[in-house]
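A short write-up of the structure that comes next.
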Amino acid sequence: MATLLRYYTFSFVFTAACLGLGLWYAIASTDTWGAVLQIMWIILILSILEVSLSFDNAVVNATVLREMDPVWQQRFLVWGIAIAVFGTRIVFPLAIVAIAANIGPIEAVNLSLNDPERYEEIVSGAHIGIAGFGGAFLAMVGLKFFFDSDKDVHWIRVLEHRLTKVAALPAIEIGLLLVVIWGISTQLSDTDALTFITAGLLGLVTYIAVDALGEWLNMREEAKKASGAVVRSGLGGFLYLEVLDASFSFDGVIGAFALSNNMIVIALGLSIGAMFVRSMTIHLVRKGTLAEYRYLEHGAFWAIIALGTIMLTSAVFHIPEAITGLIGVVLIGLSLWWSIRHNRTEKAAEATATD
């Protein structure tokens, strides 16, 4: 138990700090203890929802993080939370409001604090662009994993094996994504279609740029074999993980308005969840869970493709966050069960061979 808790010590400390800030804010901004308890309850629920909806994020993060230097693993846990909290959960919604309402950052902050209904309306109104960018980026993350001609471990073999066969075709995953983006855009008005296509292309270009940066840094590391190259390679992975985390959290930020339109309450609740996701990522890496359960990655990447698809189609249809989370949990749960079954089969085969 002590070994397990050490991975989550920082998260518990961070949670206590956020709850303390939430309690101070609730007491300062409300007149009754009932209102204080309501704010604290919403913060707690938001943090739980963020964790439950982001386990696939932790698994995918771990696949990247396990190749990084331990120093950068720790930097992702500590420094990354500042980006996750202040970037995605606070600055990003404020930037949307400032751009959409054509106001300055200070006015956007004042709007979020003094007119939360209008703030919620503006952020929610930017959903089509967010869906295009985040959906495209996440879809590319998932497609890149399966469209890999060197991939030799398959979970859903009848499908994954075929995907590796066509992976030799140049940029097939990009072409597939562009067709999907175009198809969805035909269901939108001209203005929304332009916004969706532009955001989708930006999401695709961002993925290509971050992926290219990581590959370039890895090539420099292999070429120079210098100690400093490890740090640079870690930087590439760090940037990739931060963009990935942001894409995962876009929908969560929008969905949080179903519980509250208070920027501070949303930021505190989602930030607690984000911290635990990082701790789960470190736990998976240090315990070697991905190596022990061979299909767990596959379940997470299928969940990412599902999430990316849901985000893209949410530009046309509203899909409840509960369904999104349930799909991810089911896929990861099935892949875990399949991994356990595989391990038992191998052990039984080894025991039979020994006898």
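As shown in the structure tokens, the chain order sets the letters A, B, ...; within each chain, residues go from 1, and ligands are also counted from 1 in the order they appear.
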All residues 8 Å or closer to A:Val97, only C-alpha atoms, same chain fewer than 4 positions away omitted, as a ChimeraX atom specification: /A:93,101-103,108,119,122-123
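As for atom CA of A:Gly80 and atom CA of A:Glu242, they are spaced 7.0 Å apart.
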A:Gln187: which residues within 10 Å, counting only C-alpha atoms, same-chain residues fewer than 6 positions away excluded, as a list of chain:residue names?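 Here the qualifying residues turn out to be A:Ala193, A:Thr313, A:Ala315, A:Val316.
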May I have the residues from that selection written out with all heavy atoms, as a compact mmCIF listing (two decimals), in the first residue's frame?
# COMPACT_ATOMS: atom_id res chain seq x y z
N ALA A 193 -19.25 25.07 -41.39
CA ALA A 193 -18.42 24.12 -42.14
C ALA A 193 -17.00 24.66 -42.32
O ALA A 193 -16.02 23.93 -42.17
CB ALA A 193 -19.05 23.82 -43.49
N THR A 313 -18.00 14.21 -34.65
CA THR A 313 -19.44 14.14 -34.96
C THR A 313 -20.27 15.01 -34.02
O THR A 313 -21.42 15.33 -34.35
CB THR A 313 -19.94 12.69 -34.86
OG1 THR A 313 -19.62 12.15 -33.56
CG2 THR A 313 -19.30 11.82 -35.92
N ALA A 315 -20.01 17.97 -33.67
CA ALA A 315 -20.29 19.22 -34.38
C ALA A 315 -21.68 19.19 -34.99
O ALA A 315 -22.28 20.23 -35.26
CB ALA A 315 -19.25 19.45 -35.47
N VAL A 316 -22.20 17.96 -35.18
CA VAL A 316 -23.53 17.79 -35.77
C VAL A 316 -24.53 17.26 -34.75
O VAL A 316 -25.67 17.73 -34.67
CB VAL A 316 -23.47 16.83 -36.98
CG1 VAL A 316 -24.86 16.66 -37.60
CG2 VAL A 316 -22.48 17.33 -38.02
For a quick check of understanding, using only C-alpha atoms, which of A:Ser54, A:Ser247, A:Ser335, A:Asn114 has the smallest distance to A:Tyr293?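 Smallest distance to A:Tyr293 is found for A:Ser335.
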Coordinates-based distance that separates atom CA of A:Leu204 from atom CA of A:Thr88 (Å, one decimal):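 For atom CA of A:Thr88 relative to atom CA of A:Leu204, the distance reads 18.7 Å.
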Among stretch 130-173 of chain A, which ones does DSSP assign to alpha helix (DSSP H) (computed from the backbone)? Answer as a ChimeraX atom specification. /A:130-146,157-166,172-173
Mind dumping the selected residues with N, CA, C and O atoms as a JSON list (two decimals), in the first residue's frame?
[["chain", "number", "residue", "atom", "x", "y", "z"],
["A", 130, "ILE", "N", -13.65, 23.70, -31.53],
["A", 130, "ILE", "CA", -12.98, 22.82, -30.58],
["A", 130, "ILE", "C", -13.12, 21.36, -31.01],
["A", 130, "ILE", "O", -12.16, 20.58, -30.96],
["A", 131, "ALA", "N", -14.33, 21.00, -31.45],
["A", 131, "ALA", "CA", -14.58, 19.63, -31.90],
["A", 131, "ALA", "C", -13.71, 19.28, -33.10],
["A", 131, "ALA", "O", -13.16, 18.17, -33.19],
["A", 132, "GLY", "N", -13.55, 20.22, -34.03],
["A", 132, "GLY", "CA", -12.73, 19.97, -35.21],
["A", 132, "GLY", "C", -11.27, 19.78, -34.87],
["A", 132, "GLY", "O", -10.63, 18.83, -35.32],
["A", 133, "PHE", "N", -10.73, 20.68, -34.04],
["A", 133, "PHE", "CA", -9.31, 20.62, -33.68],
["A", 133, "PHE", "C", -9.01, 19.39, -32.82],
["A", 133, "PHE", "O", -8.15, 18.57, -33.15],
["A", 134, "GLY", "N", -9.72, 19.28, -31.69],
["A", 134, "GLY", "CA", -9.46, 18.18, -30.77],
["A", 134, "GLY", "C", -9.75, 16.83, -31.38],
["A", 134, "GLY", "O", -8.99, 15.87, -31.20],
["A", 135, "GLY", "N", -10.86, 16.72, -32.13],
["A", 135, "GLY", "CA", -11.21, 15.45, -32.75],
["A", 135, "GLY", "C", -10.18, 15.01, -33.77],
["A", 135, "GLY", "O", -9.81, 13.83, -33.83],
["A", 136, "ALA", "N", -9.69, 15.95, -34.58],
["A", 136, "ALA", "CA", -8.69, 15.61, -35.59],
["A", 136, "ALA", "C", -7.39, 15.16, -34.95],
["A", 136, "ALA", "O", -6.77, 14.18, -35.38],
["A", 137, "PHE", "N", -6.96, 15.88, -33.92],
["A", 137, "PHE", "CA", -5.69, 15.52, -33.27],
["A", 137, "PHE", "C", -5.79, 14.14, -32.63],
["A", 137, "PHE", "O", -4.91, 13.29, -32.81],
["A", 138, "LEU", "N", -6.86, 13.89, -31.88],
["A", 138, "LEU", "CA", -7.02, 12.60, -31.21],
["A", 138, "LEU", "C", -7.17, 11.46, -32.21],
["A", 138, "LEU", "O", -6.62, 10.37, -32.02],
["A", 139, "ALA", "N", -7.92, 11.71, -33.28],
["A", 139, "ALA", "CA", -8.09, 10.67, -34.30],
["A", 139, "ALA", "C", -6.75, 10.29, -34.91],
["A", 139, "ALA", "O", -6.47, 9.10, -35.14],
["A", 140, "MET", "N", -5.88, 11.27, -35.15],
["A", 140, "MET", "CA", -4.56, 10.98, -35.71],
["A", 140, "MET", "C", -3.71, 10.18, -34.74],
["A", 140, "MET", "O", -2.96, 9.29, -35.15],
["A", 141, "VAL", "N", -3.81, 10.50, -33.45],
["A", 141, "VAL", "CA", -3.05, 9.74, -32.45],
["A", 141, "VAL", "C", -3.43, 8.26, -32.50],
["A", 141, "VAL", "O", -2.58, 7.37, -32.50],
["A", 142, "GLY", "N", -4.75, 7.99, -32.54],
["A", 142, "GLY", "CA", -5.21, 6.61, -32.59],
["A", 142, "GLY", "C", -4.89, 5.91, -33.91],
["A", 142, "GLY", "O", -4.41, 4.77, -33.92],
["A", 143, "LEU", "N", -5.14, 6.60, -35.03],
["A", 143, "LEU", "CA", -4.90, 6.00, -36.34],
["A", 143, "LEU", "C", -3.43, 5.68, -36.55],
["A", 143, "LEU", "O", -3.08, 4.65, -37.14],
["A", 144, "LYS", "N", -2.56, 6.56, -36.07],
["A", 144, "LYS", "CA", -1.11, 6.35, -36.25],
["A", 144, "LYS", "C", -0.65, 5.07, -35.56],
["A", 144, "LYS", "O", 0.25, 4.38, -36.04],
["A", 145, "PHE", "N", -1.29, 4.73, -34.43],
["A", 145, "PHE", "CA", -0.91, 3.53, -33.69],
["A", 145, "PHE", "C", -1.26, 2.26, -34.49],
["A", 145, "PHE", "O", -0.48, 1.30, -34.51],
["A", 146, "PHE", "N", -2.41, 2.26, -35.15],
["A", 146, "PHE", "CA", -2.86, 1.05, -35.85],
["A", 146, "PHE", "C", -2.37, 0.99, -37.29],
["A", 146, "PHE", "O", -2.17, -0.10, -37.82],
["A", 157, "ARG", "N", -7.71, -8.87, -33.91],
["A", 157, "ARG", "CA", -6.81, -9.29, -34.99],
["A", 157, "ARG", "C", -7.42, -9.12, -36.37],
["A", 157, "ARG", "O", -6.75, -8.66, -37.30],
["A", 158, "VAL", "N", -8.69, -9.49, -36.53],
["A", 158, "VAL", "CA", -9.32, -9.44, -37.85],
["A", 158, "VAL", "C", -9.29, -8.04, -38.44],
["A", 158, "VAL", "O", -9.23, -7.86, -39.66],
["A", 159, "LEU", "N", -9.26, -7.02, -37.58],
["A", 159, "LEU", "CA", -9.24, -5.63, -38.05],
["A", 159, "LEU", "C", -7.84, -5.05, -38.01],
["A", 159, "LEU", "O", -7.38, -4.45, -38.99],
["A", 160, "GLU", "N", -7.15, -5.22, -36.89],
["A", 160, "GLU", "CA", -5.83, -4.59, -36.73],
["A", 160, "GLU", "C", -4.81, -5.15, -37.71],
["A", 160, "GLU", "O", -3.95, -4.42, -38.21],
["A", 161, "HIS", "N", -4.89, -6.45, -38.01],
["A", 161, "HIS", "CA", -3.95, -7.04, -38.96],
["A", 161, "HIS", "C", -4.13, -6.44, -40.35],
["A", 161, "HIS", "O", -3.16, -6.17, -41.07],
["A", 162, "ARG", "N", -5.39, -6.20, -40.74],
["A", 162, "ARG", "CA", -5.66, -5.59, -42.05],
["A", 162, "ARG", "C", -5.16, -4.15, -42.10],
["A", 162, "ARG", "O", -4.70, -3.68, -43.15],
["A", 163, "LEU", "N", -5.26, -3.44, -40.99],
["A", 163, "LEU", "CA", -4.79, -2.06, -40.97],
["A", 163, "LEU", "C", -3.27, -1.99, -41.17],
["A", 163, "LEU", "O", -2.76, -1.08, -41.83],
["A", 164, "THR", "N", -2.54, -2.93, -40.59],
["A", 164, "THR", "CA", -1.09, -2.95, -40.78],
["A", 164, "THR", "C", -0.73, -3.27, -42.23],
["A", 164, "THR", "O", 0.29, -2.82, -42.74],
["A", 165, "LYS", "N", -1.60, -4.04, -42.90],
["A", 165, "LYS", "CA", -1.33, -4.40, -44.29],
["A", 165, "LYS", "C", -1.42, -3.18, -45.21],
["A", 165, "LYS", "O", -0.65, -3.05, -46.18],
["A", 166, "VAL", "N", -2.38, -2.29, -44.95],
["A", 166, "VAL", "CA", -2.55, -1.11, -45.82],
["A", 166, "VAL", "C", -1.71, 0.07, -45.33],
["A", 166, "VAL", "O", -1.71, 1.13, -45.96],
["A", 172, "ILE", "N", -2.04, 7.23, -45.54],
["A", 172, "ILE", "CA", -3.41, 6.77, -45.69],
["A", 172, "ILE", "C", -4.30, 7.24, -44.54],
["A", 172, "ILE", "O", -5.47, 7.55, -44.72],
["A", 173, "GLU", "N", -3.72, 7.31, -43.33],
["A", 173, "GLU", "CA", -4.51, 7.75, -42.18],
["A", 173, "GLU", "C", -4.90, 9.22, -42.31],
["A", 173, "GLU", "O", -5.99, 9.63, -41.90]]
Determine the nearest neighbour of A:Ala26 from the options A:Ile264, A:Gly125, A:Pro70, A:Gly328, counting only C-alpha atoms.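 Smallest separation from A:Ala26 among the options: A:Ile264.
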With only C-alpha atoms as the atoms that count, which of A:Ile174, A:Met263, A:Ala274, A:Ala168 lies nearest to A:Arg118?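 Checking each of A:Ile174, A:Met263, A:Ala274, A:Ala168 against A:Arg118, counting only C-alpha atoms, the winner is A:Met263.
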Distance query stretch 342-344 of chain A at most 9 Å, only C-alpha atoms, self and fewer than 3 positions along chain excluded, as a PDB file with N, CA, C and O atoms, in the first residue's frame:
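Writing done, so here's around_24.pdb:
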ATOM      1  N   GLU A 292       3.068  -5.808 -18.906  1.00  0.00           N
ATOM      2  CA  GLU A 292       2.421  -6.961 -18.277  1.00  0.00           C
ATOM      3  C   GLU A 292       1.100  -7.303 -18.948  1.00  0.00           C
ATOM      4  O   GLU A 292       0.754  -8.472 -19.101  1.00  0.00           O
ATOM      5  N   TYR A 293       0.357  -6.267 -19.351  1.00  0.00           N
ATOM      6  CA  TYR A 293      -0.941  -6.479 -20.003  1.00  0.00           C
ATOM      7  C   TYR A 293      -0.826  -5.995 -21.440  1.00  0.00           C
ATOM      8  O   TYR A 293      -1.011  -4.814 -21.739  1.00  0.00           O
ATOM      9  N   ARG A 294      -0.556  -6.912 -22.353  1.00  0.00           N
ATOM     10  CA  ARG A 294      -0.111  -6.572 -23.700  1.00  0.00           C
ATOM     11  C   ARG A 294      -1.173  -5.881 -24.552  1.00  0.00           C
ATOM     12  O   ARG A 294      -0.833  -5.198 -25.525  1.00  0.00           O
ATOM     13  N   TRP A 337      -9.078  -7.411 -19.664  1.00  0.00           N
ATOM     14  CA  TRP A 337      -9.535  -8.786 -19.469  1.00  0.00           C
ATOM     15  C   TRP A 337      -8.901  -9.723 -20.484  1.00  0.00           C
ATOM     16  O   TRP A 337      -8.471 -10.837 -20.169  1.00  0.00           O
ATOM     17  N   TRP A 338      -8.799  -9.277 -21.743  1.00  0.00           N
ATOM     18  CA  TRP A 338      -8.193 -10.083 -22.792  1.00  0.00           C
ATOM     19  C   TRP A 338      -6.715 -10.327 -22.499  1.00  0.00           C
ATOM     20  O   TRP A 338      -6.184 -11.418 -22.766  1.00  0.00           O
ATOM     21  N   SER A 339      -6.054  -9.310 -21.928  1.00  0.00           N
ATOM     22  CA  SER A 339      -4.639  -9.447 -21.567  1.00  0.00           C
ATOM     23  C   SER A 339      -4.458 -10.465 -20.453  1.00  0.00           C
ATOM     24  O   SER A 339      -3.538 -11.296 -20.489  1.00  0.00           O
ATOM     25  N   LYS A 347       0.744 -19.077 -19.294  1.00  0.00           N
ATOM     26  CA  LYS A 347       1.236 -19.783 -18.104  1.00  0.00           C
ATOM     27  C   LYS A 347       0.811 -21.234 -18.117  1.00  0.00           C
ATOM     28  O   LYS A 347       1.579 -22.128 -17.748  1.00  0.00           O
ATOM     29  N   ALA A 348      -0.425 -21.490 -18.551  1.00  0.00           N
ATOM     30  CA  ALA A 348      -0.903 -22.876 -18.618  1.00  0.00           C
ATOM     31  C   ALA A 348      -0.113 -23.658 -19.651  1.00  0.00           C
ATOM     32  O   ALA A 348       0.236 -24.824 -19.419  1.00  0.00           O
ATOM     33  N   ALA A 349       0.216 -23.023 -20.771  1.00  0.00           N
ATOM     34  CA  ALA A 349       0.979 -23.688 -21.810  1.00  0.00           C
ATOM     35  C   ALA A 349       2.399 -24.001 -21.327  1.00  0.00           C
ATOM     36  O   ALA A 349       2.949 -25.082 -21.600  1.00  0.00           O
TER      37      ALA A 349
END
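Residue nearest A:Val210 within the list A:Val253, A:Gln74, A:Asn57, A:Leu235: A:Leu235 [criterion: smallest interatomic distance, only C-alpha atoms].
The space between atom CA of A:Asp152 and atom CA of A:His283 spans 25.8 Å.
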